[in-house]
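Reproduced below: start01.cif, with mmCIF, C-alpha atoms and all ligand atoms.
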```cif
data_final
#
loop_
_atom_site.label_atom_id
_atom_site.label_comp_id
_atom_site.auth_asym_id
_atom_site.auth_seq_id
_atom_site.Cartn_x
_atom_site.Cartn_y
_atom_site.Cartn_z
CA MET U 254 -3.41 -17.11 -17.65
CA GLU U 255 -0.15 -15.46 -16.56
CA ARG U 256 1.68 -17.16 -13.73
CA LEU U 257 1.16 -15.61 -10.30
CA GLU U 258 4.92 -15.72 -9.73
CA ASP U 259 5.59 -13.61 -12.83
CA ILE U 260 3.00 -11.00 -11.88
CA ALA U 261 4.46 -10.76 -8.36
CA ILE U 262 7.95 -10.26 -9.81
CA ALA U 263 6.67 -7.55 -12.17
CA MET U 264 4.96 -5.79 -9.24
CA THR U 265 8.24 -5.59 -7.36
CA ALA U 266 10.55 -4.89 -10.33
CA GLU U 267 13.92 -3.30 -9.70
CA GLY U 268 13.78 0.47 -9.19
CA GLN U 269 9.98 0.56 -9.12
CA GLY U 270 7.07 0.34 -6.70
CA ILE U 271 3.31 0.47 -6.40
CA LEU U 272 1.04 3.51 -6.44
CA ALA U 273 -1.81 3.04 -3.98
CA ALA U 274 -4.63 5.08 -5.56
CA ASP U 275 -7.41 2.98 -4.07
CA GLU U 276 -8.88 5.47 -1.63
CA SER U 277 -12.48 4.55 -0.89
CA THR U 278 -15.15 7.13 -1.69
CA GLY U 279 -15.04 8.31 1.92
CA THR U 280 -11.25 8.61 2.06
CA ILE U 281 -10.84 10.45 -1.26
CA LYS U 282 -13.50 12.91 -0.08
CA LYS U 283 -11.30 13.67 2.93
CA ARG U 284 -8.28 14.18 0.66
CA PHE U 285 -10.28 16.47 -1.65
CA ASP U 286 -11.70 18.39 1.33
CA SER U 287 -8.11 19.34 2.19
CA ILE U 288 -7.82 21.19 -1.16
CA ASN U 289 -11.45 22.37 -1.28
CA VAL U 290 -12.43 20.22 -4.22
CA GLU U 291 -15.82 18.54 -4.29
CA SER U 292 -15.59 14.77 -4.65
CA THR U 293 -17.70 13.69 -7.63
CA GLU U 294 -17.34 10.83 -10.08
CA ASP U 295 -15.80 13.30 -12.55
CA SER U 296 -13.41 15.00 -10.15
CA ARG U 297 -12.17 11.63 -8.91
CA ARG U 298 -11.69 10.57 -12.53
CA ASP U 299 -9.86 13.80 -13.42
CA TYR U 300 -7.52 13.47 -10.47
CA ARG U 301 -6.64 9.86 -11.12
CA GLU U 302 -6.35 10.39 -14.87
CA MET U 303 -3.84 13.16 -14.12
CA LEU U 304 -1.73 10.69 -12.11
CA PHE U 305 -1.92 7.84 -14.61
CA ARG U 306 -0.90 10.19 -17.44
CA ALA U 307 2.16 11.43 -15.54
CA ASP U 308 4.37 9.56 -18.00
CA GLU U 309 7.77 10.25 -16.50
CA GLY U 310 6.83 8.88 -13.11
CA MET U 311 4.50 6.13 -14.28
CA LYS U 312 6.73 4.60 -16.95
CA ASN U 313 9.93 4.62 -14.95
CA TYR U 314 9.02 4.15 -11.32
CA ILE U 315 5.55 2.60 -11.04
CA SER U 316 5.17 -1.17 -11.39
CA GLY U 317 1.52 -1.40 -10.39
CA VAL U 318 -1.46 0.75 -9.40
CA ILE U 319 -4.08 -0.20 -6.80
CA LEU U 320 -7.53 1.03 -7.80
CA PHE U 321 -10.83 1.45 -6.03
CA GLU U 322 -13.61 -0.51 -7.76
CA GLU U 323 -15.10 2.63 -9.33
CA THR U 324 -11.79 3.48 -11.06
CA LEU U 325 -11.33 -0.03 -12.47
CA PHE U 326 -14.41 0.51 -14.63
CA GLN U 327 -13.97 4.25 -15.28
CA LYS U 328 -12.98 5.89 -18.55
CA ALA U 329 -10.68 8.87 -19.10
CA ALA U 330 -12.22 12.10 -20.41
CA ASP U 331 -11.43 10.97 -23.99
CA GLY U 332 -13.10 7.58 -23.47
CA THR U 333 -9.95 5.48 -22.92
CA PRO U 334 -10.43 3.05 -20.02
CA LEU U 335 -8.21 4.16 -17.14
CA VAL U 336 -6.94 0.58 -16.92
CA ASP U 337 -5.53 1.00 -20.45
CA LEU U 338 -3.61 4.13 -19.40
CA ILE U 339 -2.01 2.11 -16.61
CA ARG U 340 -1.15 -0.79 -18.89
CA LYS U 341 0.26 1.56 -21.52
CA ALA U 342 2.59 2.99 -18.89
CA GLY U 343 3.85 -0.57 -18.32
CA ALA U 344 2.23 -0.98 -14.89
CA VAL U 345 -0.02 -3.77 -13.64
CA PRO U 346 -3.59 -2.75 -12.65
CA GLY U 347 -4.74 -3.95 -9.23
CA ILE U 348 -7.89 -3.64 -7.15
CA LYS U 349 -8.77 -3.10 -3.51
CA VAL U 350 -11.26 -5.84 -2.73
CA ASP U 351 -11.94 -5.52 0.98
CA LYS U 352 -15.09 -3.78 2.20
CA GLY U 353 -13.43 -1.86 4.97
CA ALA U 354 -12.49 -2.29 8.63
CA LYS U 355 -15.56 -2.55 10.90
CA LEU U 356 -15.60 -2.27 14.70
CA MET U 357 -15.43 -5.63 16.42
CA PRO U 358 -18.35 -6.38 18.71
CA GLY U 359 -17.52 -5.26 22.22
CA SER U 360 -14.62 -3.02 21.22
CA GLU U 361 -14.36 0.70 20.66
CA VAL U 362 -11.02 0.62 18.86
CA GLU U 363 -10.44 -2.76 17.30
CA THR U 364 -11.72 -3.62 13.84
CA VAL U 365 -12.01 -6.62 11.61
CA THR U 366 -11.91 -6.18 7.86
CA GLU U 367 -14.96 -7.42 5.98
CA GLY U 368 -15.57 -8.46 2.39
CA LEU U 369 -15.17 -12.24 2.07
CA ASP U 370 -18.82 -12.98 1.23
CA GLY U 371 -19.23 -13.01 -2.54
CA LEU U 372 -15.52 -12.33 -3.09
CA ARG U 373 -15.02 -15.36 -5.34
CA ASP U 374 -17.53 -13.98 -7.87
CA ARG U 375 -16.24 -10.40 -7.64
CA LEU U 376 -12.69 -11.59 -8.38
CA VAL U 377 -13.85 -13.11 -11.67
CA LYS U 378 -15.33 -9.72 -12.69
CA TYR U 379 -12.18 -7.87 -11.65
CA TYR U 380 -9.97 -10.27 -13.60
CA GLU U 381 -12.08 -9.70 -16.71
CA ALA U 382 -11.71 -5.95 -16.22
CA GLY U 383 -7.92 -6.31 -16.22
CA ALA U 384 -6.93 -6.55 -12.54
CA ARG U 385 -4.00 -8.92 -11.98
CA PHE U 386 -3.44 -8.24 -8.32
CA ALA U 387 -5.61 -7.30 -5.35
CA LYS U 388 -5.27 -5.66 -1.97
CA TRP U 389 -6.93 -6.33 1.36
CA ARG U 390 -6.05 -4.15 4.34
CA ALA U 391 -6.44 -5.24 7.93
CA VAL U 392 -5.92 -2.75 10.73
CA ILE U 393 -4.28 -3.43 14.08
CA ALA U 394 -4.40 -0.65 16.67
CA ILE U 395 -1.89 -0.28 19.48
CA THR U 396 -3.29 0.97 22.79
CA ALA U 397 -2.61 0.12 26.43
CA ASP U 398 -4.63 -3.07 26.10
CA THR U 399 -4.74 -3.81 22.40
CA PRO U 400 -4.23 -5.56 20.08
CA SER U 401 -6.17 -8.47 21.46
CA TRP U 402 -5.46 -11.99 20.28
CA ASN U 403 -9.05 -12.08 19.01
CA CYS U 404 -8.34 -9.14 16.69
CA VAL U 405 -4.99 -10.47 15.44
CA LYS U 406 -6.47 -13.92 14.85
CA ALA U 407 -9.62 -12.72 13.05
CA ASN U 408 -7.77 -10.31 10.76
CA THR U 409 -4.90 -12.60 9.79
CA HIS U 410 -7.35 -15.44 9.17
CA ALA U 411 -9.50 -13.25 6.89
CA LEU U 412 -6.39 -12.12 5.01
CA ALA U 413 -5.43 -15.75 4.40
CA ARG U 414 -8.91 -16.63 3.13
CA TYR U 415 -8.81 -13.61 0.83
CA ALA U 416 -5.35 -14.56 -0.44
CA ALA U 417 -6.48 -18.11 -1.25
CA LEU U 418 -9.49 -16.85 -3.23
CA CYS U 419 -7.24 -14.43 -5.17
CA GLN U 420 -4.75 -17.11 -6.13
CA GLU U 421 -7.56 -19.38 -7.27
CA ALA U 422 -8.71 -16.56 -9.58
CA GLY U 423 -5.24 -15.93 -11.06
CA ILE U 424 -4.83 -12.72 -9.05
CA VAL U 425 -1.80 -11.94 -6.87
CA PRO U 426 -2.87 -10.99 -3.34
CA ILE U 427 -1.23 -8.08 -1.55
CA VAL U 428 -1.49 -9.11 2.08
CA GLU U 429 -1.66 -5.98 4.23
CA PRO U 430 -1.87 -6.37 8.00
CA GLU U 431 -1.23 -2.76 9.01
CA VAL U 432 -0.15 -1.96 12.55
CA LEU U 433 -1.23 1.68 12.85
CA MET U 434 1.29 4.36 13.73
CA ASP U 435 -1.19 7.19 14.13
CA GLY U 436 -3.29 6.07 17.11
CA PRO U 437 -4.16 8.54 19.87
CA HIS U 438 -2.22 6.57 22.46
CA SER U 439 0.96 7.20 24.34
CA HIS U 440 1.93 3.55 25.00
CA HIS U 441 3.44 3.25 21.58
CA SER U 442 7.20 3.13 21.65
CA ILE U 443 9.21 1.73 18.75
CA GLU U 444 9.82 -1.38 20.89
CA ARG U 445 6.09 -1.90 21.28
CA CYS U 446 5.59 -1.42 17.54
CA TYR U 447 8.27 -4.05 16.93
CA GLU U 448 6.66 -6.50 19.32
CA VAL U 449 3.17 -6.12 17.85
CA THR U 450 4.35 -6.17 14.23
CA GLU U 451 6.38 -9.33 14.85
CA TRP U 452 3.40 -11.00 16.53
CA VAL U 453 1.06 -10.05 13.70
CA LEU U 454 3.44 -11.18 10.94
CA LYS U 455 4.28 -14.48 12.69
CA THR U 456 0.55 -15.17 13.00
CA GLN U 457 -0.05 -14.04 9.42
CA PHE U 458 2.43 -16.46 7.87
CA GLY U 459 1.01 -19.29 9.98
CA GLU U 460 -2.45 -18.52 8.60
CA LEU U 461 -1.12 -18.27 5.03
CA TYR U 462 0.50 -21.68 5.46
CA ASP U 463 -2.73 -23.20 6.75
CA ALA U 464 -4.62 -21.76 3.78
CA GLY U 465 -2.15 -23.30 1.32
CA ILE U 466 -0.93 -19.98 -0.10
CA ASN U 467 1.80 -20.02 -2.73
CA LEU U 468 4.22 -17.56 -1.14
CA GLU U 469 5.97 -16.92 -4.46
CA GLY U 470 2.71 -15.57 -5.84
CA MET U 471 1.97 -12.92 -3.20
CA VAL U 472 3.31 -9.57 -2.01
CA LEU U 473 3.40 -8.49 1.64
CA LYS U 474 2.45 -4.91 2.50
CA PRO U 475 3.52 -4.18 6.07
CA ASN U 476 4.05 -1.08 8.16
CA MET U 477 7.55 -0.02 9.09
CA VAL U 478 8.59 -0.35 12.73
CA VAL U 479 8.32 3.20 14.07
CA PRO U 480 7.28 4.89 17.31
CA GLY U 481 3.64 6.05 17.46
CA GLN U 482 3.16 9.55 16.07
CA LYS U 483 1.63 10.73 19.32
CA SER U 484 3.99 8.84 21.62
CA GLY U 485 6.32 11.80 21.96
CA SER U 486 9.33 9.67 21.06
CA LYS U 487 11.40 9.85 17.90
CA ALA U 488 13.64 7.23 16.35
CA SER U 489 16.64 7.74 14.10
CA VAL U 490 16.53 6.63 10.48
CA GLU U 491 19.05 3.88 11.28
CA GLU U 492 16.94 2.59 14.15
CA VAL U 493 13.78 2.41 12.04
CA ALA U 494 15.71 0.62 9.30
CA GLU U 495 17.38 -1.78 11.73
CA LYS U 496 14.22 -2.68 13.66
CA THR U 497 12.07 -3.00 10.55
CA VAL U 498 14.53 -5.27 8.74
CA HIS U 499 15.11 -7.34 11.90
CA CYS U 500 11.36 -7.80 12.30
CA LEU U 501 10.87 -8.81 8.65
CA LYS U 502 13.82 -11.21 8.69
CA ASN U 503 12.35 -12.91 11.75
CA THR U 504 8.93 -13.37 10.19
CA VAL U 505 8.82 -13.31 6.36
CA PRO U 506 10.01 -16.39 4.43
CA SER U 507 12.54 -15.68 1.70
CA SER U 508 10.26 -17.29 -0.90
CA VAL U 509 8.07 -14.15 -0.77
CA PRO U 510 9.36 -12.18 -3.78
CA GLY U 511 8.64 -8.69 -2.54
CA ILE U 512 7.65 -6.55 0.39
CA ALA U 513 6.00 -3.22 -0.43
CA PHE U 514 5.57 -0.88 2.53
CA LEU U 515 2.61 1.37 3.22
CA SER U 516 3.48 4.94 4.21
CA GLY U 517 0.93 5.04 7.04
CA GLY U 518 1.08 8.76 7.77
CA GLN U 519 4.86 9.25 7.58
CA SER U 520 5.92 12.44 5.83
CA ASP U 521 6.76 12.07 2.15
CA GLU U 522 10.46 12.36 2.82
CA ASP U 523 10.53 10.07 5.86
CA ALA U 524 8.82 7.32 3.89
CA THR U 525 11.49 7.65 1.20
CA ARG U 526 14.41 8.06 3.60
CA HIS U 527 13.52 4.98 5.65
CA LEU U 528 13.08 2.79 2.58
CA SER U 529 16.37 3.95 1.12
CA ALA U 530 18.23 3.31 4.38
CA MET U 531 16.96 -0.28 4.55
CA ASN U 532 18.04 -1.00 0.99
CA ALA U 533 21.41 0.69 1.48
CA MET U 534 22.23 -0.94 4.83
CA TYR U 535 21.18 -4.55 4.33
CA ASP U 536 21.49 -7.51 2.06
CA LEU U 537 17.92 -8.74 1.76
CA PRO U 538 16.27 -11.94 0.51
CA TRP U 539 13.23 -10.11 -0.92
CA ARG U 540 12.79 -6.92 -2.86
CA LEU U 541 11.96 -4.08 -0.53
CA THR U 542 9.83 -1.43 -2.19
CA TYR U 543 6.87 0.92 -1.75
CA SER U 544 3.13 0.75 -2.08
CA TYR U 545 2.50 4.29 -0.94
CA GLY U 546 -0.75 6.20 -1.02
CA ARG U 547 -0.31 9.46 0.83
CA ALA U 548 3.48 9.64 0.54
CA LEU U 549 3.29 9.36 -3.27
CA GLN U 550 0.26 11.56 -3.81
CA HIS U 551 0.40 14.32 -1.26
CA ALA U 552 2.61 16.71 -3.25
CA ALA U 553 0.67 16.09 -6.46
CA LEU U 554 -2.71 16.59 -4.78
CA THR U 555 -1.53 19.88 -3.28
CA ALA U 556 -0.19 21.11 -6.63
CA TRP U 557 -3.34 20.05 -8.49
CA GLN U 558 -6.03 21.91 -6.49
CA GLY U 559 -8.66 20.53 -8.89
CA LYS U 560 -7.58 22.89 -11.68
CA LYS U 561 -6.81 22.00 -15.30
CA GLU U 562 -4.04 24.57 -15.50
CA ASN U 563 -2.24 22.82 -12.62
CA VAL U 564 -2.20 19.37 -14.21
CA ALA U 565 1.36 19.62 -15.57
CA ALA U 566 2.73 20.91 -12.25
CA ALA U 567 0.91 18.15 -10.34
CA GLN U 568 2.32 15.54 -12.72
CA ARG U 569 5.82 16.90 -12.17
CA ALA U 570 5.30 16.71 -8.40
CA PHE U 571 4.10 13.12 -8.69
CA SER U 572 6.94 12.09 -11.00
CA HIS U 573 9.48 13.61 -8.64
CA ARG U 574 8.16 11.65 -5.64
CA ALA U 575 8.01 8.48 -7.71
CA ARG U 576 11.63 8.98 -8.82
CA MET U 577 12.78 9.60 -5.23
CA ASN U 578 11.11 6.38 -4.12
CA GLY U 579 12.43 4.50 -7.13
CA LEU U 580 15.92 5.51 -6.02
CA ALA U 581 15.08 4.45 -2.46
CA THR U 582 14.42 0.89 -3.66
CA GLN U 583 18.08 0.84 -4.67
CA GLY U 584 19.33 2.55 -1.53
CA ALA U 585 20.35 5.50 -3.70
CA TRP U 586 18.12 8.36 -2.46
CA LYS U 587 19.91 11.51 -1.29
CA ALA U 588 18.46 14.54 0.51
CA GLU U 589 20.19 16.87 -1.98
CA LEU U 590 17.99 15.49 -4.75
CA GLU U 591 14.92 16.87 -2.94
CA GLU U 592 16.38 20.34 -2.67
CA ALA U 593 17.55 20.32 -6.29
CA ALA U 594 13.95 19.69 -7.34
P1 LIG L 1 -0.65 4.99 2.77
O1 LIG L 1 0.68 4.84 2.06
O2 LIG L 1 -1.26 6.35 2.63
O3 LIG L 1 -0.61 4.45 4.17
O4 LIG L 1 -1.69 4.08 1.97
C1 LIG L 1 -1.28 2.86 1.53
C2 LIG L 1 -2.42 1.96 1.51
O5 LIG L 1 -2.78 1.43 0.48
C3 LIG L 1 -3.09 1.66 2.76
O6 LIG L 1 -3.96 0.60 2.57
#
```

Translate the structure described by the file into structure tokens.
Amino acid sequence: MERLEDIAIAMTAEGQGILAADESTGTIKKRFDSINVESTEDSRRDYREMLFRADEGMKNYISGVILFEETLFQKAADGTPLVDLIRKAGAVPGIKVDKGAKLMPGSEVETVTEGLDGLRDRLVKYYEAGARFAKWRAVIAITADTPSWNCVKANTHALARYAALCQEAGIVPIVEPEVLMDGPHSHHSIERCYEVTEWVLKTQFGELYDAGINLEGMVLKPNMVVPGQKSGSKASVEEVAEKTVHCLKNTVPSSVPGIAFLSGGQSDEDATRHLSAMNAMYDLPWRLTYSYGRALQHAALTAWQGKKENVAAAQRAFSHRARMNGLATQGAWKAELEEAA
């Protein structure tokens, strides 16, 4: 069995980051609806095969790929397991293991993520299929009167139980307590995002400690500290970088090898720009990288349109975004590079 610490280091390797391609069947349908492509087992396979065969991007800038369960067991059109394409590109295959965020009793906005029952047995199957890391996403919504302590406590506790089961199975847990930036609420300044994110992360690391988690064998996947998209306020790149790094330094022990952000609805370029600013402006105890879904795939999905003849263009679009984010992990992204492309 490989050491958890070595897998975590590989997942956050210099100049690289994680491709989140683990959209659930419902979410990928929404993405495909936006380009008028029907979501079937084959179309989902074709789309993901296109990404995993985008050699330039995959080999140079992608350290790991998060898969939905279906994809972990799926084969490419020529019969090669998709997991083998990922491994051949030098990336670590990973798996989303949660069963989704479900409304908490008595609440109309707050959710708790489910999926702990039977997880120990599922992890054994996933390990056999080649997964060496996992992801579990908890969702924290900011409104006038949320998050509640009940929601923060339940979600961070579940994440810690999940992380412990992963480590027992030889699988590195990505711990993702996401404070949403896209809620429909106006009480969502960058200060409020800071306050909630700090509270959630403080609680999270307390729970991880109680569960006996080896911090060197995990990766944190947080949101950046930003104003709510519908709050009407904007923050400068420097302010997002400063508040996000301040929040992480106050909450994340330096024994955690890497922090890989989610993009959370930021534009492709904002997600890159913010990451690059943090790496350029600060000396950091952990690697700061990406685990983007939308911000890595949006351009490729749009170029693809479900058509074979667009595969090469979609792969170029994906490789470009991956390269921009790879540069951002070194603080070396520049706006001119976007225009040049
Ligand atoms: P986004 O980057 O689209 O937020 O997705 C990342 C992810 O994996 C959320 O769980």

Excluding Ala556 in chain U and any residue of its chain fewer than 6 positions from it, enumerate the residues within 8 Å of it, using only C-alpha atoms, and give them as a PDB file with C-alpha atoms, in the coordinates of the input.
```pdb
ATOM      1  CA  ASN U 563      -2.240  22.820 -12.620  1.00  0.00           C
ATOM      2  CA  ALA U 566       2.730  20.910 -12.250  1.00  0.00           C
ATOM      3  CA  ALA U 567       0.910  18.150 -10.340  1.00  0.00           C
ATOM      4  CA  ALA U 570       5.300  16.710  -8.400  1.00  0.00           C
TER       5      ALA U 570
END
```

Mind checking which residues fall within 10 Å of His551 in chain U, counting only C-alpha atoms, ignoring those fewer than 6 positions away in the same chain, and posting them as a PyMOL selection string?
chain U and resi 284+520-521+557+567+570-571+574

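Counting only C-alpha atoms and comparing U:Val365, U:Ala307, U:Ile348, U:Ala488, the residue that lies closest to Val425 in chain U is U:Ile348.
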
Glu592 in chain U: which residues within 12 Å, counting all atoms listed in the file, same-chain residues fewer than 3 positions away excluded, as a PyMOL selection string?
chain U and resi 522+573+577+587-589

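Among U:Thr293, U:Thr324, U:Gln550, U:Asn476, the residue with the shortest atom-to-atom distance to Gly310 in chain U, counting all atoms listed in the file, is U:Gln550.
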
Contact table chain U vs ligand LIG 1 (chain L), cut-off 6 Å, shortest pair per residue, only C-alpha atoms and all ligand atoms, as JSON lines:
```
{"residue": "U:Ala273", "atom": "CA", "partner": "L:LIG1", "partner_atom": "O5", "distance": 4.8}
{"residue": "U:Arg390", "atom": "CA", "partner": "L:LIG1", "partner_atom": "O6", "distance": 5.5}
{"residue": "U:Leu515", "atom": "CA", "partner": "L:LIG1", "partner_atom": "O1", "distance": 4.1}
{"residue": "U:Ser516", "atom": "CA", "partner": "L:LIG1", "partner_atom": "O1", "distance": 3.5}
{"residue": "U:Gly517", "atom": "CA", "partner": "L:LIG1", "partner_atom": "O3", "distance": 3.3}
{"residue": "U:Gly518", "atom": "CA", "partner": "L:LIG1", "partner_atom": "O3", "distance": 5.9}
{"residue": "U:Tyr545", "atom": "CA", "partner": "L:LIG1", "partner_atom": "O1", "distance": 3.6}
{"residue": "U:Gly546", "atom": "CA", "partner": "L:LIG1", "partner_atom": "O1", "distance": 3.7}
{"residue": "U:Arg547", "atom": "CA", "partner": "L:LIG1", "partner_atom": "O2", "distance": 3.7}
{"residue": "U:Ala548", "atom": "CA", "partner": "L:LIG1", "partner_atom": "O1", "distance": 5.8}
```

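The shell of residues at most 9 Å from Thr399 in chain U, with all atoms listed in the file counted and near chain neighbours (fewer than 5 positions) removed, consists of U:Val362, U:Glu363, U:Ile393, U:Ala394, U:Cys404.
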
Spatial neighbours of range 380-383 of chain U, max dist 10 Å, all atoms listed in the file, sep filter under 3 positions, as a ChimeraX atom specification
/U:325-326,334,336-337,340,345-348,375-377,386-387,419,422-424

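The closest residue to Lys282 in chain U, picked from U:Ser296, U:Val449, U:Arg301, U:Ala513 and counting all atoms listed in the file, is U:Ser296.
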
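CA of Asp286 in chain U lies 24.2 Å from CA of Asp523 in chain U.
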
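Shortest atom-to-atom contact with Tyr447 in chain U among U:Thr497, U:Gln482, U:Pro475, U:Lys406: U:Thr497, counting only C-alpha atoms.
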
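The smallest atom-to-atom distance between Met534 in chain U and any of U:Ala552, U:Val493, U:Val479, U:Ile512, using all atoms listed in the file, is found for U:Val493.
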
From CA of Glu267 in chain U to CA of Ser529 in chain U the spacing works out at 13.3 Å

Given all atoms listed in the file as the basis, pick out the residue of U:Asp299, U:Glu323, U:Asp259, U:Glu291 nearest to Asp275 in chain U.
U:Glu323

CA of Ser360 in chain U and CA of Ser544 in chain U are how many Å apart?
29.5 Å

What would the list of residues within 12 Å of (1.3, 9.4, 21.4) (file frame) look like as a VMD selection string, if all atoms listed in the file are what count?
chain U and resid 395 to 397 433 to 443 479 to 487
